[in-house]
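Below is the file data.tsv, which contains TSV, C-alpha atoms and all ligand atoms.
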chain	number	residue	atom	x	y	z
B	1	MET	CA	-6.13	97.61	4.76
B	2	HIS	CA	-3.88	95.34	6.76
B	3	SER	CA	-5.55	93.97	9.80
B	4	ASN	CA	-4.61	91.53	12.48
B	5	ILE	CA	-8.03	90.91	13.95
B	6	SER	CA	-8.57	87.26	14.58
B	7	LEU	CA	-11.62	85.78	12.89
B	8	PRO	CA	-12.84	82.20	13.34
B	9	GLY	CA	-10.83	79.89	11.11
B	10	LEU	CA	-8.61	82.73	9.96
B	11	GLU	CA	-6.34	83.10	12.97
B	12	ALA	CA	-3.16	82.44	10.99
B	13	PHE	CA	-4.10	84.64	8.07
B	14	ILE	CA	-3.30	88.18	7.09
B	15	ILE	CA	-6.36	90.01	5.82
B	16	THR	CA	-5.26	92.29	3.04
B	17	LYS	CA	-8.67	93.58	1.94
B	18	SER	CA	-12.20	93.45	3.25
B	19	PHE	CA	-15.34	94.89	1.77
B	20	GLU	CA	-18.97	94.16	1.09
B	21	ARG	CA	-20.25	93.37	-2.38
B	22	ASP	CA	-23.41	91.75	-3.75
B	23	GLY	CA	-24.59	91.02	-0.24
B	24	TYR	CA	-21.40	89.16	0.61
B	25	TYR	CA	-18.75	90.08	3.05
B	26	GLN	CA	-15.54	89.54	1.08
B	27	LEU	CA	-12.11	89.07	2.54
B	28	HIS	CA	-8.79	88.75	0.79
B	29	VAL	CA	-6.46	86.63	2.84
B	30	GLU	CA	-2.98	85.20	2.67
B	31	LEU	CA	-0.47	83.47	4.90
B	32	LYS	CA	2.89	84.76	6.00
B	33	ARG	CA	5.74	83.56	3.84
B	34	GLU	CA	7.82	81.03	5.71
B	35	PRO	CA	10.24	78.20	5.07
B	36	HIS	CA	8.65	74.90	4.11
B	37	HIS	CA	10.04	71.41	3.85
B	38	CYS	CA	9.89	70.08	0.31
B	39	PRO	CA	7.44	67.15	0.31
B	40	CYS	CA	9.68	65.37	-2.19
B	41	CYS	CA	13.26	65.60	-0.91
B	42	GLY	CA	12.87	67.29	2.49
B	43	GLN	CA	15.00	70.31	1.55
B	44	ILE	CA	13.95	73.54	3.28
B	45	THR	CA	12.88	76.20	0.84
B	46	ASN	CA	11.52	79.71	1.06
B	47	ARG	CA	11.46	80.40	-2.66
B	48	VAL	CA	8.06	81.37	-4.03
B	49	HIS	CA	7.05	79.98	-7.38
B	50	ASP	CA	3.71	81.69	-7.87
B	51	TYR	CA	0.30	82.46	-6.40
B	52	ARG	CA	-3.20	81.27	-7.18
B	53	LEU	CA	-6.37	82.95	-6.08
B	54	GLN	CA	-8.86	80.52	-4.59
B	55	LYS	CA	-12.43	81.51	-3.92
B	56	ILE	CA	-13.85	79.87	-0.82
B	57	LYS	CA	-17.13	79.96	0.97
B	58	HIS	CA	-16.75	80.63	4.66
B	59	ASN	CA	-19.03	80.86	7.71
B	60	HIS	CA	-21.15	83.86	8.27
B	61	LEU	CA	-19.09	86.63	9.78
B	62	PHE	CA	-20.91	89.51	11.41
B	63	SER	CA	-24.16	87.82	10.30
B	64	ARG	CA	-23.24	88.03	6.62
B	65	SER	CA	-22.43	85.35	4.10
B	66	THR	CA	-18.69	85.46	3.64
B	67	LEU	CA	-16.47	84.78	0.68
B	68	LEU	CA	-12.75	84.40	1.01
B	69	PHE	CA	-10.24	85.07	-1.70
B	70	TYR	CA	-7.23	83.13	-0.62
B	71	ARG	CA	-3.97	84.07	-2.29
B	72	LYS	CA	-2.43	80.67	-2.13
B	73	ARG	CA	1.32	80.54	-2.39
B	74	ARG	CA	3.26	77.91	-4.24
B	75	TYR	CA	6.83	77.27	-3.23
B	76	VAL	CA	9.52	75.73	-5.36
B	77	CYS	CA	12.23	73.45	-4.02
B	78	VAL	CA	15.70	75.00	-4.09
B	79	ASN	CA	17.35	71.65	-4.63
B	80	ASP	CA	18.33	71.79	-8.33
B	81	GLU	CA	17.81	68.09	-8.77
B	82	CYS	CA	14.29	68.29	-7.36
B	83	LYS	CA	12.65	71.62	-8.20
B	84	LYS	CA	9.33	70.36	-6.90
B	85	ARG	CA	6.54	72.93	-6.80
B	86	PHE	CA	4.08	72.64	-3.97
B	87	TYR	CA	1.42	74.63	-2.13
B	88	GLU	CA	1.99	76.10	1.29
B	89	LYS	CA	0.44	74.36	4.27
B	90	ASN	CA	-2.86	75.82	5.34
B	91	THR	CA	-5.59	74.96	7.79
B	92	LEU	CA	-8.29	76.90	5.99
B	93	VAL	CA	-9.30	74.70	3.14
B	94	GLU	CA	-8.67	71.21	1.90
B	95	ARG	CA	-7.51	70.59	-1.63
B	96	TYR	CA	-10.19	70.76	-4.32
B	97	GLN	CA	-12.75	72.15	-1.85
B	98	ARG	CA	-14.76	75.28	-2.39
B	99	GLN	CA	-15.81	75.61	1.24
B	100	SER	CA	-13.56	76.26	4.18
B	101	ARG	CA	-13.13	73.71	6.96
B	102	GLU	CA	-14.91	76.02	9.37
B	103	PHE	CA	-17.83	76.30	6.99
B	104	ASN	CA	-18.06	72.55	6.65
B	105	GLN	CA	-17.83	72.09	10.38
B	106	ALA	CA	-20.57	74.58	11.11
B	107	MET	CA	-22.70	72.95	8.45
B	108	SER	CA	-22.10	69.50	9.93
B	109	LEU	CA	-23.33	70.63	13.32
B	110	GLU	CA	-26.40	72.21	11.80
B	111	LEU	CA	-27.02	69.13	9.71
B	112	ILE	CA	-27.19	66.91	12.70
B	113	GLY	CA	-29.37	69.27	14.69
B	114	GLY	CA	-31.38	70.46	11.70
B	115	LYS	CA	-34.54	69.14	10.19
B	116	ASN	CA	-33.64	68.45	6.61
B	117	PHE	CA	-31.19	69.28	3.86
B	118	LYS	CA	-33.28	72.02	2.32
B	119	ASP	CA	-33.52	73.88	5.58
B	120	VAL	CA	-29.78	73.69	6.24
B	121	ALA	CA	-28.98	74.63	2.64
B	122	SER	CA	-31.03	77.79	2.78
B	123	ARG	CA	-29.54	78.86	6.08
B	124	PHE	CA	-26.03	78.35	4.73
B	125	ASP	CA	-26.90	79.93	1.43
B	126	THR	CA	-25.78	76.88	-0.50
B	127	SER	CA	-27.40	74.10	-2.50
B	128	PRO	CA	-29.07	70.98	-1.06
B	129	THR	CA	-26.61	68.94	-3.16
B	130	THR	CA	-23.66	70.51	-1.35
B	131	VAL	CA	-25.28	69.81	1.98
B	132	MET	CA	-26.01	66.25	0.94
B	133	ARG	CA	-22.43	65.65	-0.11
B	134	ARG	CA	-21.30	67.00	3.24
B	135	PHE	CA	-23.64	64.64	4.97
B	136	ASP	CA	-22.08	61.70	3.18
B	137	GLN	CA	-18.62	62.92	4.12
B	138	ILE	CA	-19.33	63.33	7.82
B	139	GLY	CA	-21.00	59.97	7.86
B	140	LEU	CA	-17.83	58.41	6.56
B	141	SER	CA	-15.36	60.38	8.62
B	142	MET	CA	-17.20	59.96	11.90
B	143	LEU	CA	-17.47	56.25	11.44
B	144	GLN	CA	-13.72	56.00	11.21
B	145	GLU	CA	-13.19	58.12	14.29
B	146	THR	CA	-15.70	56.39	16.53
B	147	LYS	CA	-14.01	53.31	17.83
B	148	GLN	CA	-16.08	52.31	20.83
B	149	LEU	CA	-19.46	53.70	21.72
B	150	PRO	CA	-20.14	54.87	25.31
B	151	GLU	CA	-22.35	52.93	27.73
B	152	VAL	CA	-25.43	54.96	26.92
B	153	ILE	CA	-26.38	55.75	23.37
B	154	ALA	CA	-29.42	57.09	21.59
B	155	ILE	CA	-30.56	55.90	18.20
B	156	ASP	CA	-32.72	58.04	16.01
B	157	GLU	CA	-33.84	58.40	12.45
B	158	TYR	CA	-32.76	61.27	10.29
B	159	LYS	CA	-34.64	62.26	7.18
B	160	GLY	CA	-31.73	62.88	4.91
B	161	ASP	CA	-32.00	61.48	1.41
B	162	ALA	CA	-28.26	60.82	1.41
B	163	GLY	CA	-26.95	58.65	-1.40
B	164	GLY	CA	-30.42	57.67	-2.58
B	165	GLU	CA	-31.52	56.52	0.88
B	166	LYS	CA	-34.39	58.46	2.29
B	167	TYR	CA	-33.56	57.91	5.93
B	168	GLN	CA	-30.31	57.61	7.82
B	169	THR	CA	-29.69	56.51	11.37
B	170	VAL	CA	-28.09	58.84	13.87
B	171	ILE	CA	-26.20	57.42	16.82
B	172	ALA	CA	-25.88	59.99	19.57
B	173	ASP	CA	-24.60	60.41	23.09
B	174	PRO	CA	-27.75	61.48	25.00
B	175	ILE	CA	-25.77	62.58	28.06
B	176	ASP	CA	-23.34	64.96	26.35
B	177	ARG	CA	-25.99	65.62	23.71
B	178	LYS	CA	-23.66	65.16	20.80
B	179	PRO	CA	-23.91	63.07	17.66
B	180	LEU	CA	-21.46	60.21	17.43
B	181	ASP	CA	-22.16	58.74	14.07
B	182	ILE	CA	-24.47	58.60	11.13
B	183	LEU	CA	-25.30	55.39	9.36
B	184	LYS	CA	-26.10	55.42	5.69
B	185	ASP	CA	-29.63	54.03	5.99
B	186	ARG	CA	-32.05	52.76	8.62
B	187	LYS	CA	-31.84	49.12	7.73
B	188	LYS	CA	-31.72	46.59	10.50
B	189	GLU	CA	-28.64	44.90	9.06
B	190	THR	CA	-26.65	48.12	8.91
B	191	LEU	CA	-27.34	48.95	12.54
B	192	LYS	CA	-26.70	45.44	13.70
B	193	ALA	CA	-23.33	45.25	11.98
B	194	TYR	CA	-22.41	48.64	13.34
B	195	LEU	CA	-23.30	47.76	16.95
B	196	ARG	CA	-21.40	44.51	16.74
B	197	LYS	CA	-18.33	46.39	15.67
B	198	HIS	CA	-18.48	49.42	17.96
B	199	GLY	CA	-21.04	48.65	20.64
B	200	GLY	CA	-19.12	46.38	23.02
B	201	ASN	CA	-19.51	48.78	25.95
B	202	VAL	CA	-23.11	49.77	25.34
B	203	LYS	CA	-25.46	49.08	28.23
B	204	VAL	CA	-28.40	51.38	27.63
B	205	VAL	CA	-29.97	52.31	24.31
B	206	VAL	CA	-32.43	55.17	24.15
B	207	MET	CA	-34.66	55.05	21.09
B	208	ASP	CA	-38.07	55.22	19.59
B	209	MET	CA	-39.58	51.81	19.53
B	210	SER	CA	-38.96	51.29	15.87
B	211	PRO	CA	-39.42	47.55	15.41
B	212	SER	CA	-36.47	47.40	13.06
B	213	PHE	CA	-34.14	49.19	15.49
B	214	LYS	CA	-35.29	47.07	18.38
B	215	ALA	CA	-34.64	43.87	16.53
B	216	ALA	CA	-31.18	45.04	15.50
B	217	VAL	CA	-30.24	45.98	19.06
B	218	ASP	CA	-31.55	42.70	20.44
B	219	GLN	CA	-29.60	40.72	17.92
B	220	ALA	CA	-26.32	42.66	18.05
B	301	ZN	ZN	12.74	68.96	-3.18
Step by step, read the file and then write its structure as C-alpha cells.
Ligand SMILES: [Zn+2]
Amino acid sequence: MHSNISLPGLEAFIITKSFERDGYYQLHVELKREPHHCPCCGQITNRVHDYRLQKIKHNHLFSRSTLLFYRKRRYVCVNDECKKRFYEKNTLVERYQRQSREFNQAMSLELIGGKNFKDVASRFDTSPTTVMRRFDQIGLSMLQETKQLPEVIAIDEYKGDAGGEKYQTVIADPIDRKPLDILKDRKKETLKAYLRKHGGNVKVVVMDMSPSFKAAVDQA
C-alpha cells in the first residue's frame, strides 16, 4: 500500500506498508530520494549507497502503540576524491535514538504534567529507565533554551528520581501554564544559582512555602 495520508511526525514520509501485529500498529516508512549536499566537500549527490532498516518507537496512532520501520537511505558522494557515505536528512529521529522526536516530545509533556516516572512509563508502554533518561535530557535542553524567565514564575517540586536525586524542581509559567525548566534537584543552592542567572526579570514567584525554596528566592 502506498499512502499519502499525513500522520503526526510523518508528514514528509511515504508509508509503504501498514499493518497490525502483536498489538502494535506497524508502519514502514521512507523518504523521497532527493539530491543532498555532501557534508564533507559540499558536492551535490543523488547516488544511493545503501539502506538500513531502523526500528523506532512512535506516538500512539489511532490509540495504538506504534512502531516505525524506517528505511533509512545512505547516499554516497559523487566526487571521486571524496566518496563520503552519509545518511539522508530526516526530522523523524535523531542519531542513535530508538524513539522518534514526536514520541519524545509527547513523553516530555506528559512527564511534566504527570505524577511520576512509573505512571508515564506505563502509559507510553516503555520502561521507567527510558522515561528517566528523557527527563534528564529535557532538563538539560530546556535549561539551555531558557535565557530569561518571565516576570511571574511558579516553583514546584517534582518527584522524579532523576540521576539519583529523588526530587527535582520545576520552574513554570503559571499564566501560560507551561513548564519552563527543570532543575536537577531541590537544593537551595541549585535554585539560587539558577535564579541569579536567569531570573533578572522575575517579580512574582508562586510557590509552596518550602523553607528551602523561600530562602533561595530571598537570597537570589
Ligand atoms: Zn563529498
Residues within 9 Å of (-13.7, 77.7, 1.5), counting only C-alpha atoms, listed as an NGL selection string = :B and (54-59 or 67-70 or 92-94 or 97-104)
Would you kindly return, as JSON, numbers by chain, each protein, DNA or RNA residue with an atom no farther than 9 Å from any atom of Ala12 of chain B, considering all atoms listed in the file and excluding same-chain residues fewer than 6 positions away?
-> {"B": [6, 30, 31, 32, 90, 91]}
Which residues form the shell of 9 Å around ligand ZN 301 (chain B) when you count all atoms listed in the file, given as a PyMOL selection string?
-> chain B and resi 37-45+76-85
Work out how far apart atom CA of Thr169 of chain B and atom CA of Leu195 of chain B are and give it in Å to one decimal.
->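 These atoms are spaced 12.2 Å apart.
Here atom CA of Met207 of chain B is placed at a distance of 6.2 Å from atom CA of Asp156 of chain B.
Using all atoms listed in the file, the shortest contact distance between Leu191 of chain B and any of B:Asp125, B:Asp50, B:Val217, B:His36 is found at B:Val217.
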Record the distance separating atom CA of Ala172 of chain B and atom CA of Thr130 of chain B, expressed in Å with one decimal.
-> 23.5 Å
Who sits within 8 Å of Lys118 of chain B, all atoms listed in the file, same chain under 3 positions skipped, as a count of residues only = 4
